[in-house]
Every structure is written in structure tokens, then in C-alpha cells.
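Shown next: coords_22.pdb, containing PDB, C-alpha atoms, pLDDT in the B column.
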```
ATOM      1  CA  MET A 405      45.040 -49.289 -92.842  1.00 86.00           C
ATOM      2  CA  LEU A 406      46.101 -47.866 -96.183  1.00 95.00           C
ATOM      3  CA  LYS A 407      47.319 -50.186 -98.909  1.00 96.00           C
ATOM      4  CA  GLU A 408      50.989 -49.677 -99.735  1.00 97.00           C
ATOM      5  CA  LYS A 409      50.362 -48.324-103.236  1.00 98.00           C
ATOM      6  CA  VAL A 410      47.874 -45.749-101.916  1.00 98.00           C
ATOM      7  CA  LEU A 411      50.113 -44.803 -98.991  1.00 98.00           C
ATOM      8  CA  ASN A 412      53.118 -44.268-101.252  1.00 98.00           C
ATOM      9  CA  ALA A 413      51.086 -42.115-103.621  1.00 98.00           C
ATOM     10  CA  ILE A 414      49.716 -39.994-100.780  1.00 98.00           C
ATOM     11  CA  ASN A 415      53.197 -39.511 -99.321  1.00 98.00           C
ATOM     12  CA  GLU A 416      54.333 -38.312-102.752  1.00 98.00           C
ATOM     13  CA  GLN A 417      51.357 -35.948-102.825  1.00 98.00           C
ATOM     14  CA  ILE A 418      52.288 -34.524 -99.427  1.00 98.00           C
ATOM     15  CA  ASN A 419      55.676 -33.647-100.901  1.00 98.00           C
ATOM     16  CA  ALA A 420      54.014 -32.146-103.999  1.00 98.00           C
ATOM     17  CA  GLU A 421      51.758 -29.973-101.817  1.00 98.00           C
ATOM     18  CA  PHE A 422      54.713 -28.679 -99.796  1.00 98.00           C
ATOM     19  CA  TYR A 423      56.559 -28.029-103.070  1.00 98.00           C
ATOM     20  CA  SER A 424      53.518 -26.043-104.226  1.00 98.00           C
ATOM     21  CA  ALA A 425      53.597 -24.000-101.038  1.00 98.00           C
ATOM     22  CA  TYR A 426      57.310 -23.316-101.486  1.00 98.00           C
ATOM     23  CA  LEU A 427      56.765 -22.320-105.130  1.00 98.00           C
ATOM     24  CA  TYR A 428      54.028 -19.840-104.216  1.00 98.00           C
ATOM     25  CA  LEU A 429      56.167 -18.391-101.432  1.00 98.00           C
ATOM     26  CA  SER A 430      58.960 -17.904-103.982  1.00 98.00           C
ATOM     27  CA  MET A 431      56.521 -16.153-106.315  1.00 98.00           C
ATOM     28  CA  SER A 432      55.404 -13.982-103.404  1.00 98.00           C
ATOM     29  CA  ALA A 433      59.015 -12.990-102.725  1.00 98.00           C
ATOM     30  CA  TRP A 434      59.455 -12.056-106.396  1.00 98.00           C
ATOM     31  CA  PHE A 435      56.374  -9.814-106.248  1.00 98.00           C
ATOM     32  CA  GLU A 436      57.556  -8.227-102.975  1.00 98.00           C
ATOM     33  CA  ASN A 437      60.854  -7.399-104.681  1.00 98.00           C
ATOM     34  CA  LYS A 438      58.915  -5.689-107.485  1.00 97.00           C
ATOM     35  CA  GLY A 439      56.833  -3.634-105.029  1.00 97.00           C
ATOM     36  CA  LEU A 440      53.627  -5.466-105.951  1.00 98.00           C
ATOM     37  CA  THR A 441      52.389  -6.169-102.448  1.00 98.00           C
ATOM     38  CA  GLY A 442      48.879  -7.183-103.540  1.00 98.00           C
ATOM     39  CA  PHE A 443      50.221  -9.849-105.890  1.00 98.00           C
ATOM     40  CA  ALA A 444      52.637 -10.900-103.130  1.00 98.00           C
ATOM     41  CA  ASN A 445      49.715 -11.202-100.719  1.00 98.00           C
ATOM     42  CA  TRP A 446      47.750 -13.356-103.165  1.00 98.00           C
ATOM     43  CA  MET A 447      50.714 -15.715-103.489  1.00 98.00           C
ATOM     44  CA  LYS A 448      51.198 -15.838 -99.701  1.00 98.00           C
ATOM     45  CA  VAL A 449      47.580 -16.919 -99.336  1.00 98.00           C
ATOM     46  CA  GLN A 450      48.264 -19.593-101.971  1.00 98.00           C
ATOM     47  CA  TYR A 451      51.257 -20.675 -99.881  1.00 98.00           C
ATOM     48  CA  GLN A 452      49.013 -21.028 -96.828  1.00 97.00           C
ATOM     49  CA  GLU A 453      46.395 -22.972 -98.802  1.00 97.00           C
ATOM     50  CA  GLU A 454      48.944 -25.413-100.171  1.00 97.00           C
ATOM     51  CA  THR A 455      50.408 -25.955 -96.717  1.00 98.00           C
ATOM     52  CA  SER A 456      46.928 -26.680 -95.382  1.00 97.00           C
ATOM     53  CA  HIS A 457      46.399 -29.175 -98.228  1.00 98.00           C
ATOM     54  CA  ALA A 458      49.637 -30.962 -97.296  1.00 98.00           C
ATOM     55  CA  ILE A 459      48.527 -31.124 -93.665  1.00 98.00           C
ATOM     56  CA  LYS A 460      45.118 -32.477 -94.710  1.00 98.00           C
ATOM     57  CA  PHE A 461      46.874 -35.347 -96.505  1.00 98.00           C
ATOM     58  CA  PHE A 462      49.258 -35.759 -93.547  1.00 98.00           C
ATOM     59  CA  ASN A 463      46.374 -36.046 -91.076  1.00 97.00           C
ATOM     60  CA  TYR A 464      44.551 -38.496 -93.331  1.00 98.00           C
ATOM     61  CA  VAL A 465      47.555 -40.828 -93.417  1.00 98.00           C
ATOM     62  CA  VAL A 466      47.823 -40.658 -89.627  1.00 98.00           C
ATOM     63  CA  GLU A 467      44.074 -41.250 -89.225  1.00 97.00           C
ATOM     64  CA  ARG A 468      44.324 -44.322 -91.449  1.00 97.00           C
ATOM     65  CA  ASN A 469      47.204 -45.658 -89.303  1.00 97.00           C
ATOM     66  CA  GLY A 470      49.798 -45.139 -92.041  1.00 98.00           C
ATOM     67  CA  GLN A 471      53.288 -43.723 -91.754  1.00 98.00           C
ATOM     68  CA  VAL A 472      53.955 -40.282 -93.159  1.00 98.00           C
ATOM     69  CA  LEU A 473      57.304 -40.188 -94.941  1.00 98.00           C
ATOM     70  CA  LEU A 474      58.495 -36.672 -95.609  1.00 97.00           C
ATOM     71  CA  ALA A 475      60.958 -36.321 -98.476  1.00 96.00           C
ATOM     72  CA  PRO A 476      63.180 -33.356 -99.397  1.00 97.00           C
ATOM     73  CA  ILE A 477      61.418 -30.591-101.264  1.00 97.00           C
ATOM     74  CA  ALA A 478      62.961 -29.802-104.647  1.00 97.00           C
ATOM     75  CA  ALA A 479      64.246 -26.301-105.346  1.00 98.00           C
ATOM     76  CA  VAL A 480      61.745 -23.930-106.903  1.00 98.00           C
ATOM     77  CA  GLU A 481      62.132 -21.197-109.483  1.00 97.00           C
ATOM     78  CA  THR A 482      62.942 -17.812-107.965  1.00 97.00           C
ATOM     79  CA  ASP A 483      63.149 -15.434-110.919  1.00 97.00           C
ATOM     80  CA  PHE A 484      60.559 -14.606-113.536  1.00 98.00           C
ATOM     81  CA  SER A 485      60.468 -12.309-116.552  1.00 97.00           C
ATOM     82  CA  ASP A 486      57.168 -10.576-115.800  1.00 97.00           C
ATOM     83  CA  ILE A 487      53.816 -10.780-114.022  1.00 97.00           C
ATOM     84  CA  VAL A 488      52.100 -12.714-116.810  1.00 97.00           C
ATOM     85  CA  GLU A 489      54.819 -15.375-116.773  1.00 97.00           C
ATOM     86  CA  VAL A 490      54.371 -15.870-113.025  1.00 98.00           C
ATOM     87  CA  PHE A 491      50.672 -16.583-113.449  1.00 98.00           C
ATOM     88  CA  GLU A 492      51.231 -18.743-116.525  1.00 98.00           C
ATOM     89  CA  LYS A 493      53.608 -20.845-114.428  1.00 98.00           C
ATOM     90  CA  ALA A 494      51.129 -20.888-111.553  1.00 98.00           C
ATOM     91  CA  LEU A 495      48.410 -22.158-113.905  1.00 98.00           C
ATOM     92  CA  ALA A 496      50.689 -24.819-115.396  1.00 98.00           C
ATOM     93  CA  HIS A 497      51.572 -25.897-111.869  1.00 98.00           C
ATOM     94  CA  GLU A 498      47.919 -26.141-110.812  1.00 98.00           C
ATOM     95  CA  GLU A 499      47.157 -28.195-113.924  1.00 98.00           C
ATOM     96  CA  MET A 500      49.998 -30.546-112.962  1.00 98.00           C
ATOM     97  CA  ILE A 501      48.603 -30.851-109.418  1.00 98.00           C
ATOM     98  CA  THR A 502      45.165 -31.592-110.878  1.00 98.00           C
ATOM     99  CA  ASP A 503      46.721 -34.370-112.916  1.00 98.00           C
ATOM    100  CA  ARG A 504      48.424 -35.742-109.785  1.00 98.00           C
ATOM    101  CA  ILE A 505      45.128 -35.707-107.860  1.00 98.00           C
ATOM    102  CA  ASN A 506      43.426 -37.506-110.755  1.00 98.00           C
ATOM    103  CA  GLN A 507      46.184 -40.126-110.813  1.00 98.00           C
ATOM    104  CA  LEU A 508      45.853 -40.551-107.059  1.00 98.00           C
ATOM    105  CA  MET A 509      42.108 -41.027-107.482  1.00 98.00           C
ATOM    106  CA  ASN A 510      42.789 -43.667-110.143  1.00 98.00           C
ATOM    107  CA  ILE A 511      45.056 -45.517-107.717  1.00 98.00           C
ATOM    108  CA  ALA A 512      42.409 -45.397-104.977  1.00 98.00           C
ATOM    109  CA  ILE A 513      39.823 -46.753-107.413  1.00 98.00           C
ATOM    110  CA  SER A 514      42.113 -49.512-108.706  1.00 98.00           C
ATOM    111  CA  GLU A 515      42.925 -50.522-105.121  1.00 98.00           C
ATOM    112  CA  SER A 516      39.223 -50.467-104.134  1.00 97.00           C
ATOM    113  CA  ASP A 517      40.034 -47.933-101.406  1.00 98.00           C
ATOM    114  CA  HIS A 518      36.646 -46.283-101.051  1.00 97.00           C
ATOM    115  CA  ALA A 519      37.630 -44.220 -98.016  1.00 97.00           C
ATOM    116  CA  THR A 520      40.524 -42.623 -99.881  1.00 98.00           C
ATOM    117  CA  ARG A 521      38.325 -42.098-102.906  1.00 98.00           C
ATOM    118  CA  SER A 522      35.818 -40.252-100.723  1.00 97.00           C
ATOM    119  CA  PHE A 523      38.626 -38.230 -99.138  1.00 98.00           C
ATOM    120  CA  LEU A 524      40.041 -37.271-102.547  1.00 98.00           C
ATOM    121  CA  ASN A 525      36.713 -35.907-103.811  1.00 98.00           C
ATOM    122  CA  TRP A 526      37.414 -32.746-101.796  1.00 97.00           C
ATOM    123  CA  PHE A 527      40.708 -32.282-103.658  1.00 98.00           C
ATOM    124  CA  VAL A 528      39.128 -32.922-107.053  1.00 98.00           C
ATOM    125  CA  ASP A 529      36.654 -30.106-106.367  1.00 97.00           C
ATOM    126  CA  GLU A 530      39.382 -27.884-104.898  1.00 96.00           C
ATOM    127  CA  GLN A 531      41.508 -28.172-108.032  1.00 97.00           C
ATOM    128  CA  VAL A 532      38.659 -26.931-110.214  1.00 97.00           C
ATOM    129  CA  GLU A 533      38.542 -23.827-108.007  1.00 96.00           C
ATOM    130  CA  GLU A 534      42.343 -23.443-107.945  1.00 96.00           C
ATOM    131  CA  GLU A 535      42.631 -23.472-111.739  1.00 98.00           C
ATOM    132  CA  ALA A 536      39.661 -21.122-112.157  1.00 98.00           C
ATOM    133  CA  ASN A 537      41.136 -18.576-109.717  1.00 97.00           C
ATOM    134  CA  VAL A 538      44.504 -18.467-111.474  1.00 98.00           C
ATOM    135  CA  ASN A 539      42.835 -18.397-114.903  1.00 97.00           C
ATOM    136  CA  GLU A 540      40.708 -15.417-113.928  1.00 97.00           C
ATOM    137  CA  ILE A 541      43.746 -13.378-112.885  1.00 97.00           C
ATOM    138  CA  LEU A 542      45.703 -14.497-115.939  1.00 97.00           C
ATOM    139  CA  ASP A 543      42.844 -13.476-118.248  1.00 97.00           C
ATOM    140  CA  THR A 544      42.815 -10.028-116.655  1.00 97.00           C
ATOM    141  CA  LEU A 545      46.593  -9.716-116.919  1.00 97.00           C
ATOM    142  CA  ARG A 546      46.477 -10.645-120.597  1.00 96.00           C
ATOM    143  CA  LEU A 547      43.687  -8.132-121.190  1.00 95.00           C
ATOM    144  CA  ILE A 548      45.774  -5.323-119.691  1.00 94.00           C
ATOM    145  CA  GLU A 549      48.939  -6.774-121.257  1.00 88.00           C
ATOM    146  CA  GLY A 550      50.498  -7.060-117.802  1.00 91.00           C
ATOM    147  CA  GLN A 551      51.142  -3.334-117.652  1.00 90.00           C
ATOM    148  CA  GLY A 552      49.997   0.091-116.636  1.00 91.00           C
ATOM    149  CA  ASN A 553      47.172   1.245-114.438  1.00 94.00           C
ATOM    150  CA  GLY A 554      45.443  -2.118-114.771  1.00 94.00           C
ATOM    151  CA  VAL A 555      48.295  -3.755-112.865  1.00 96.00           C
ATOM    152  CA  PHE A 556      48.003  -1.099-110.164  1.00 94.00           C
ATOM    153  CA  MET A 557      44.253  -1.709-109.848  1.00 95.00           C
ATOM    154  CA  LEU A 558      44.631  -5.506-109.821  1.00 97.00           C
ATOM    155  CA  ASP A 559      47.416  -5.240-107.241  1.00 94.00           C
ATOM    156  CA  ARG A 560      45.085  -3.277-104.953  1.00 95.00           C
ATOM    157  CA  GLU A 561      42.336  -5.866-105.449  1.00 96.00           C
ATOM    158  CA  LEU A 562      44.614  -8.826-104.705  1.00 97.00           C
ATOM    159  CA  LYS A 563      45.774  -7.151-101.491  1.00 95.00           C
ATOM    160  CA  GLN A 564      42.296  -7.825-100.060  1.00 92.00           C
ATOM    161  CA  ARG A 565      42.572 -11.632-100.234  1.00 89.00           C
ATOM    162  CA  VAL A 566      42.740 -13.400 -96.863  1.00 91.00           C
ATOM    163  CA  PHE A 567      43.469 -16.994 -95.985  1.00 94.00           C
ATOM    164  CA  VAL A 568      40.511 -19.128 -94.930  1.00 90.00           C
ATOM    165  CA  ASP A 569      41.396 -22.720 -94.073  1.00 90.00           C
ATOM    166  CA  THR A 570      38.739 -24.582 -96.037  1.00 86.00           C
ATOM    167  CA  THR A 571      40.359 -27.915 -95.198  1.00 87.00           C
ATOM    168  CA  GLN A 572      38.823 -27.680 -91.740  1.00 79.00           C
ATOM    169  CA  THR A 573      35.217 -27.237 -92.915  1.00 64.00           C
ATOM    170  CA  THR A 574      34.852 -30.776 -94.208  1.00 50.00           C
ATOM    171  CA  LYS A 575      36.609 -34.005 -93.509  1.00 46.00           C
TER     172      LYS A 575
END
```
Structure translated into C-alpha cells:
Amino acid sequence: MLKEKVLNAINEQINAEFYSAYLYLSMSAWFENKGLTGFANWMKVQYQEETSHAIKFFNYVVERNGQVLLAPIAAVETDFSDIVEVFEKALAHEEMITDRINQLMNIAISESDHATRSFLNWFVDEQVEEEANVNEILDTLRLIEGQGNGVFMLDRELKQRVFVDTTQTTK
């Protein structure tokens, strides 16, 4: 059974993961509207990843005999000034999620919840990858100043990304 403080924090994280999914879906819609289907695809894959992260937390709470409490998801931004801004906001969001995961880990440690600590290690590693992926695209966008043929080439590259549910490969 999960301690109340850990359970509450995980339920908040489930909401944060669904918010993340909703945010990335909104970003995908913005890219679709701009005719950037590769960028839209990349964001849709992010949406799927974030949803799978929420479900991983959901299943963990159930497995630990806790009660999942789903809260309303806050509204997300729907309009952006340009491609670079979208990825700057995506990076800032991933950094915020990393901070949330770290805080959740601190709670698990302070509550001596070794099972949750072990479970959270996957998310700690995942956030390193999440930030690196967004940073790589953002670096490229800054290099090409978010314009021209570079955007066309990057859009074609991002169209190739497919969703792989990595939450199912490890517990």
C-alpha cells in the first residue's frame, strides 16, 4: 500500500502527464495548421508518449492497491508565434516535468518508499532523454533560424518518427 503523501504526489503526476499529452497535441494541431506535417507528427508521438507515461503511473497506483484520483486537466496554450517558440516551450515544459519527477523521488525517499523509488528511476532516465530530444531539435532550429529550406528538411526528417511504447519494456 502506498503512503498517503506518495499516493497524492503520484496522482498529481498522473494529471501532469495527461496535461503534457494535451499540450503536445495542441502543438501538433498548430503545426498541422501551418502545413508542417513532420513537426505535427513529432508532437503527436510526444502526445502518445506522455499518455503512456500517465498510464504507467496509473497502473503503478493500482498495482500498489492505491486509488487513482483523476483531476481536471488545465487548458493548454493553442497559439504560438513561430516554430522556435514551440520548441522553447516544449523544452521548458520538459524541464518542469523533470523537476516534478525529482520532487516525487524526494518524497519517495523521505517516506522510505523503496518500491516507488525503484519505479521512479525509469522516469528519471526518461526525462534525460526527453530533454535531450527537444534540445537537439531546438539547436537545429536555432542554427537555421527557424526558416527556409532547413525547416523543410527538418520537417521531412521529423515525419519519420514513430511511437514505440517504451513503458512496456520494463516495469
CA of Ser516 in chain A and CA of Asp529 in chain A are how many Å apart? 20.6 Å
With the file shown as input, list the residues that the PyMOL selection byres ((chain A and resi 501) around 12) selects, as a ChimeraX atom specification. /A:416-425,454,457,494-500,502-508,527-528,530-532,534-535
Could you work out how far CA of Arg468 in chain A lies from CA of Tyr428 in chain A, giving the answer in Å with one decimal? 29.3 Å
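Our summary of the geometry notes that CA of Ser522 in chain A is positioned 26.2 Å from CA of Val449 in chain A.
When all atoms listed in the file are used to measure the gap to Val555 in chain A, the shortest distance among A:Asn415, A:Thr441, A:Thr570, A:Gln452 belongs to A:Thr441.
Between Leu427 in chain A and the candidates A:Ala458, A:Ile487, A:Ala479, A:Ile414, the tightest atom-to-atom separation, counting only C-alpha atoms, involves A:Ala479.
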List as a PyMOL selection string the residues having at least one atom at most 12 Å from position (39.1, -37.1, -95.2) as given in the file, counting only C-alpha atoms. chain A and resi 457+459-468+518-527+571-575
A:Leu406, A:Val490, A:Leu429, A:Val568 ranked by distance to Val472 in chain A, top pick (using all atoms listed in the file): A:Leu406
If you count all atoms listed in the file, which residues fall within 10 Å of Gly442 in chain A, apart from same-chain ones fewer than 3 positions away, as a ChimeraX atom specification? /A:432,435-436,439,445-448,555-565
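Using only C-alpha atoms for every distance, the candidate list A:Val410, A:Gln471, A:Ile511, A:Phe491 yields A:Phe491 as the residue closest to Ala444 in chain A.
You can rank A:Met431, A:Ile541, A:Val566, A:Leu473 by their closest distance to Ser485 in chain A using only C-alpha atoms, and at the top of that list sits A:Met431.
Nearest-residue note for Met509 in chain A: choosing from A:Val488, A:Leu545, A:Ala433, A:Ala413, the minimum distance belongs to A:Ala413, counting all atoms listed in the file.
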Output, as JSON, the centre and edge lengths in Å (one decimal) of the axis-aligned box that contains all listed atoms of range 517-535 of chain A with 8 Å of margin on each side.
```
{"center_x": 39.2, "center_y": -35.7, "center_z": -104.9, "size_x": 22.8, "size_y": 40.5, "size_z": 29.7}
```
